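K.L.:
Please see the structure below; I have some questions.
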Amino acid sequence: MKKKWNSGSLRAWLYLLPAILFLGVFMVYPLIDVFVYSFEEGYNSASQTYYGVGTYNYSYVLHDPYFLQAVKNTFLLVIITVPLSTGIALLISVGLHSITPLRNLFQTVYFLPYVTNTLAVGLVFMILFQKTAYSDGFVNLVISWFGGSSVDFIDGPYWAKMFVLCFYTIWVVMPFKILILTSALSSVNQEYYNAARVDGTSKFRIFRRITLPMISPMIFYLVITGFIGAFKAYSDAVALFGTDLNAAGMNTIVGYVYDMLYGDSGGYPSYASAAAIILFAIVLTITCINLLASNKKVHY
Amino acid sequence: MEVILQNLTKKFPNRDRKNRRDVIAVNDFNFEIPDGRLIGLLGPSGCGKSTTLNLISGLVKPTSGRIFFGKDDVTDLPPEHRGIGLVFQNYALYPHLTVRQNITFPLENLKGKDKLSKAEMLEKAVEVAKLVQIDELMDRKPGELSGGQQQRVAIARALVKRPKVLLLDEPLSNLDARLRLQTREEIKRIQRETGITTIFVTHDQEEAMSISDMIVVMKDGVVQQIGKPQEVYDNPVNLFVAKFLGTPPVNVFEGCVRDSRLYIGQDAVMEIIQPPEAGTAGKPDGISGKGREAAAIADNGTGNDNEGRLEAGRKIADSNVYAAIRPEGFRLQEDGPLCCELDGVEVMGRDISVVSRNKASLNPTIRSIIGTENMDRIFPMERRNAENGSGGEAHMEKWSSGQGGNEEADMKQWAPGKDTDRENRDRDNIVRFGLIPRKVLLFDRESEKRIYFEAVRQGG
């Protein structure tokens, strides 16, 4: 028995060693470290000292209005953008899949935002939505055509800013989802559709009873990664509202962590760690719920 | 419901940029499928048989030609209005639905006055499931079923709407050998019990021959021959059909007809004359698919009429031919006219298969099936071969030396003489066959069309 372990398992572990080493050093160790920092009160990274150990960091973060605002923003962003972007991406993919001429052209067009830089796109969005002393911005122009009153989407009311952030996020995450869904759709065996056609199944029923279940694993994948991605949103908000997100009231949890580390009010790695661990817990919980739900809904 | 195909043609645009000509998948297909029969569409892959099936199903629109179900022209009808059941090669069972849901799926699509209640649907599903004997598996998912069970579910789903025509695309290709045998009988039984006109596609001639009422042999989109399986086997119109049907395959030799004698290599194996009325029925013109087919139909049963009256002047013109001899057309005969080198004997239980070689043969080896009662005659030779060292080398030697005269000398004797070692070995390898004229088919060397003949009875 012992000999077996030596010859077989040892070699296996040896082969795994490089991967384990890298994962350990760059993934597991930092995670544990962050976890440790989050319980060390007033940790100073320069002197590597702290006052004591306890849960004060958590209590501070959870009572910080900026953090609560960030949590609210993040949750709103997640709840609005993930279902919407997945739904719209599904519609567009099904549309793309059902046309033959110009399909490649449209696919390229829809995929372009993916290769475009986030900050550049954010700039364009800002120009479209921002109301300055000189112009109302393109979107306000359109609103005024329809008789609405202009709104400042960048420095204006909270709902307007949230709208722009959601709109922007959906727009940015869409290409990837479309890409995944179109390939999922085209990997569904044509025979299923032929079989359904022979049976006289209506288009809507084919979609609901065949297409949707067939691509459900991919949809599920998109929802999970969408949730995780949206919870970790930060650069989108920066692109639209600048680096002082707390002032704009549009901070996200990751933004809060960043600010706590490096921002103008930064230099609090303990608070940052606590916030990061809270985010980790939230994402983990949501993902577990997703997994549990998917076991019932996702087929094979 | 009879299915009538009129001049059915399907062309696909060529994907090849350099070759702009359309690919003709089905070329001028004419066939009247009688009601309540089981029809096998047979051909090598790419011959257009699946396209034909898809044309009948309506999934593919024909380039030209019409399709009738009974008196109704269904050419322009979409598949769902044709009243067909289609079983796909990979079954296309919805993997996320249970067997019951799969079977009721087509029923749930019914609208208006045909709409069924849940109870009625379940009743129908159970009824059809019983027919294909899967009523025990109704709550399983397709992934939890064996290949044969999936096949039955697919058939049940196709049958649940009581289609007028049942179409099966390669129904047995995904099953293992034993299951294939079982399932093909099952298909035959279901077809007989329901009485639904059934068309199935296969590349396996054995499958087609065993259960079809009629088979259609296709090649490159053109129908070669239509007929009852036995007729097509006995009376192929051309070399392709002869080669395609039968396991082991027919043995093809290069031969020639000289002075009303059929020669294979150096051996004059048979004296032949033209059959009666050969001029009309015997020569398939075969320029168009239609003509070929007509010839095939007209010809069934006549070509084999061996009760010939000998008449002068019914001479077959000298020509180069292919002589195709069915494996069962050989008889072991000590003074038989066809002389081959023995390669080995395979015992198959019911009969034995003699493997031999002949220089005129197009196949690398000649395979002849003879009854086990010949065991004693063939086995001593076999054993001697084994003792004489590796048979393969001996053949190579002989092949390379290739002296016609020497062979001639060998032919005179069956038993080994007391000559030198080498001659001894050569002689031991010789096996002589008599031929059963009915199992010998002649084809023109150029056109590969059948040449009908009648054997002149003689001693051999």
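Scheme for the structure tokens: letters A, B, ... for chains in order shown; per-chain residue numbers from 1; ligand numbers from 1 in order shown.
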Taking only C-alpha atoms into account, what are the residues of chain B at most 8 Å from chain A, put as a list in words?
P.N.:
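In the required form, that comes to Ser57, Leu59, Pro79, Glu80, His81, Ile84, Gly85, Leu86, Phe88, Ala92, Leu93, Tyr94, Pro95, His96, Pro106, Asn109 and Leu110 of chain B.
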K.L.:
Go ahead and compute the interatomic distance for atom CA of A:Ala120 and atom CA of A:Ser235, in Å to one decimal.
P.N.:
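Distance reported for this atom pair: 11.3 Å.
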K.L.:
Write down as a ChimeraX atom specification the residues belonging to stretch 125-352 of chain B that are assigned strand (DSSP E or B) by DSSP computed on the backbone.
P.N.:
/B:165-169,197-202,214-219,222-227,238,251-258,261-264,267-273,319-325,330-332,338-347,351-352
K.L.:
Take the selection from the previous step and output its residues with C-alpha atoms, as a CSV table (one decimal), in the first residue's frame.
P.N.:
chain,number,residue,atom,x,y,z
B,165,VAL,CA,-46.3,7.6,-44.2
B,166,LEU,CA,-43.5,6.6,-41.9
B,167,LEU,CA,-40.0,7.6,-42.9
B,168,LEU,CA,-36.9,6.2,-41.2
B,169,ASP,CA,-33.4,7.6,-41.9
B,197,THR,CA,-46.5,2.8,-45.7
B,198,THR,CA,-42.9,2.9,-44.5
B,199,ILE,CA,-39.8,4.1,-46.3
B,200,PHE,CA,-36.4,3.6,-44.8
B,201,VAL,CA,-32.9,4.6,-45.8
B,202,THR,CA,-29.9,2.4,-45.3
B,214,MET,CA,-39.1,-3.7,-52.2
B,215,ILE,CA,-35.7,-2.1,-52.5
B,216,VAL,CA,-34.5,0.9,-54.5
B,217,VAL,CA,-30.8,0.9,-55.3
B,218,MET,CA,-29.4,4.3,-55.9
B,219,LYS,CA,-26.0,5.6,-57.0
B,222,VAL,CA,-29.7,8.0,-60.0
B,223,VAL,CA,-32.0,5.1,-59.3
B,224,GLN,CA,-30.3,2.0,-60.6
B,225,GLN,CA,-32.9,-0.6,-59.9
B,226,ILE,CA,-36.2,-1.1,-58.2
B,227,GLY,CA,-37.6,-4.5,-57.2
B,238,ASN,CA,-25.6,-3.5,-63.9
B,251,ASN,CA,-16.6,-12.0,-57.2
B,252,VAL,CA,-15.8,-10.0,-60.3
B,253,PHE,CA,-13.5,-11.4,-63.0
B,254,GLU,CA,-12.2,-9.9,-66.1
B,255,GLY,CA,-13.3,-12.1,-68.9
B,256,CYS,CA,-14.3,-12.3,-72.5
B,257,VAL,CA,-16.7,-13.9,-74.8
B,258,ARG,CA,-15.1,-15.7,-77.7
B,261,ARG,CA,-17.7,-19.3,-74.8
B,262,LEU,CA,-17.1,-17.3,-71.7
B,263,TYR,CA,-13.4,-17.2,-70.7
B,264,ILE,CA,-12.1,-16.2,-67.4
B,267,ASP,CA,-10.2,-20.9,-68.7
B,268,ALA,CA,-13.3,-21.4,-70.8
B,269,VAL,CA,-15.8,-21.7,-68.1
B,270,MET,CA,-19.1,-21.8,-69.9
B,271,GLU,CA,-20.8,-22.0,-73.3
B,272,ILE,CA,-23.3,-19.4,-73.6
B,273,ILE,CA,-26.0,-18.2,-76.0
B,319,SER,CA,-16.6,-8.9,-76.4
B,320,ASN,CA,-14.8,-8.1,-73.3
B,321,VAL,CA,-16.9,-8.6,-70.2
B,322,TYR,CA,-16.9,-8.6,-66.5
B,323,ALA,CA,-18.0,-11.9,-65.1
B,324,ALA,CA,-19.5,-11.6,-61.7
B,325,ILE,CA,-20.0,-14.8,-59.8
B,330,PHE,CA,-19.1,-22.0,-57.1
B,331,ARG,CA,-19.1,-25.8,-56.7
B,332,LEU,CA,-16.1,-27.8,-55.8
B,338,LEU,CA,-12.4,-22.5,-63.2
B,339,CYS,CA,-9.0,-22.9,-61.6
B,340,CYS,CA,-7.9,-20.8,-58.7
B,341,GLU,CA,-5.1,-20.8,-56.1
B,342,LEU,CA,-6.3,-21.8,-52.7
B,343,ASP,CA,-5.6,-19.3,-50.0
B,344,GLY,CA,-7.5,-20.7,-47.1
B,345,VAL,CA,-10.7,-22.0,-45.7
B,346,GLU,CA,-12.9,-20.2,-43.3
B,347,VAL,CA,-15.3,-22.2,-41.2
B,351,ASP,CA,-21.1,-23.5,-44.3
B,352,ILE,CA,-17.5,-22.9,-45.2
K.L.:
If we count only C-alpha atoms and set the cut-off at 12 Å, which residues sit around A:Val61, ignoring sequence neighbours fewer than 6 positions away in its own chain? Please answer as a list in words.
P.N.:
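So the residues in contact are Ser38, Thr55, Phe67, Leu68, Gln69, Ala70, Val71, Ile253, Tyr256, Val257, Met260, Tyr268, Pro269, Ser270, Tyr271, Ala272, Ser273, Ala274, Ala275, Ala276, Ile277, Ile278 and Leu279 of chain A.
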K.L.:
Quote the spacing between atom CA of A:Leu284 and atom CA of A:Ser59 in Å to one decimal place.
P.N.:
20.4 Å
K.L.:
Give me, please, the distance in Å between atom CA of B:Asp139 and atom CA of A:Lys296, quoted to one decimal.
P.N.:
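Distance reported for this atom pair: 16.8 Å.
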K.L.:
Would you list the contacts of A:Val124 as a list in words, taking every protein, DNA or RNA residue within 10 Å and counting only C-alpha atoms, but skipping same-chain residues closer than 6 positions in sequence?
P.N.:
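Residues near the query, excluding close chain neighbours: Thr118, Gln130, Ala239 and Leu240 of chain A.
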K.L.:
List the neighbours of stretch 174-190 of chain B out to 9 Å using only C-alpha atoms; skip same-chain residues closer than 4 positions along the sequence, and give me the result as a ChimeraX atom specification.
P.N.:
/B:38,89-90,131-132,147-148,151-152,155,170,194-196,207,210-212
K.L.:
Pull the helix (DSSP H, G or I) assignments for stretch 24-103 of chain B out of DSSP run on the backbone, and list those residues as a short mmCIF file (atom, residue, chain, number, x, y, z; two decimals) with N, CA and C atoms, in the first residue's frame.
P.N.:
data_model
loop_
_atom_site.label_atom_id
_atom_site.label_comp_id
_atom_site.auth_asym_id
_atom_site.auth_seq_id
_atom_site.Cartn_x
_atom_site.Cartn_y
_atom_site.Cartn_z
N LYS B 49 -29.90 9.06 -51.13
CA LYS B 49 -31.05 8.37 -50.54
C LYS B 49 -31.67 9.16 -49.39
N SER B 50 -30.81 9.77 -48.57
CA SER B 50 -31.36 10.57 -47.47
C SER B 50 -32.05 11.82 -48.01
N THR B 51 -31.48 12.38 -49.07
CA THR B 51 -32.12 13.55 -49.69
C THR B 51 -33.50 13.17 -50.19
N THR B 52 -33.60 12.00 -50.80
CA THR B 52 -34.91 11.53 -51.27
C THR B 52 -35.89 11.47 -50.11
N LEU B 53 -35.43 10.93 -49.00
CA LEU B 53 -36.29 10.82 -47.82
C LEU B 53 -36.72 12.20 -47.34
N ASN B 54 -35.75 13.12 -47.32
CA ASN B 54 -36.08 14.47 -46.87
C ASN B 54 -37.02 15.17 -47.84
N LEU B 55 -36.91 14.83 -49.12
CA LEU B 55 -37.85 15.39 -50.10
C LEU B 55 -39.26 14.90 -49.80
N ILE B 56 -39.36 13.60 -49.50
CA ILE B 56 -40.68 13.04 -49.20
C ILE B 56 -41.22 13.65 -47.92
N SER B 57 -40.32 13.89 -46.96
CA SER B 57 -40.78 14.44 -45.68
C SER B 57 -41.15 15.90 -45.81
N PRO B 79 -43.79 20.20 -44.07
CA PRO B 79 -43.77 18.85 -43.48
C PRO B 79 -44.93 18.58 -42.53
N GLU B 80 -45.31 19.59 -41.73
CA GLU B 80 -46.31 19.32 -40.70
C GLU B 80 -47.69 19.03 -41.28
N HIS B 81 -47.91 19.43 -42.53
CA HIS B 81 -49.23 19.17 -43.13
C HIS B 81 -49.25 17.94 -44.02
N VAL B 99 -39.49 10.19 -21.61
CA VAL B 99 -40.01 9.41 -22.73
C VAL B 99 -41.46 9.80 -22.99
N ARG B 100 -42.23 9.91 -21.90
CA ARG B 100 -43.65 10.24 -22.07
C ARG B 100 -43.80 11.61 -22.72
N GLN B 101 -43.03 12.57 -22.23
CA GLN B 101 -43.13 13.92 -22.80
C GLN B 101 -42.68 13.95 -24.26
N ASN B 102 -41.66 13.15 -24.54
CA ASN B 102 -41.20 13.07 -25.93
C ASN B 102 -42.30 12.54 -26.84
N ILE B 103 -42.99 11.52 -26.38
CA ILE B 103 -44.02 10.90 -27.22
C ILE B 103 -45.23 11.82 -27.35
#
K.L.:
If we count only C-alpha atoms and set the cut-off at 10 Å, which residues sit around stretch 175-182 of chain A, ignoring sequence neighbours fewer than 5 positions away in its own chain? Please answer as a PyMOL selection string.
P.N.:
chain A and resi 85-97+107-115+170+187+215-216+218-219+221-223+226
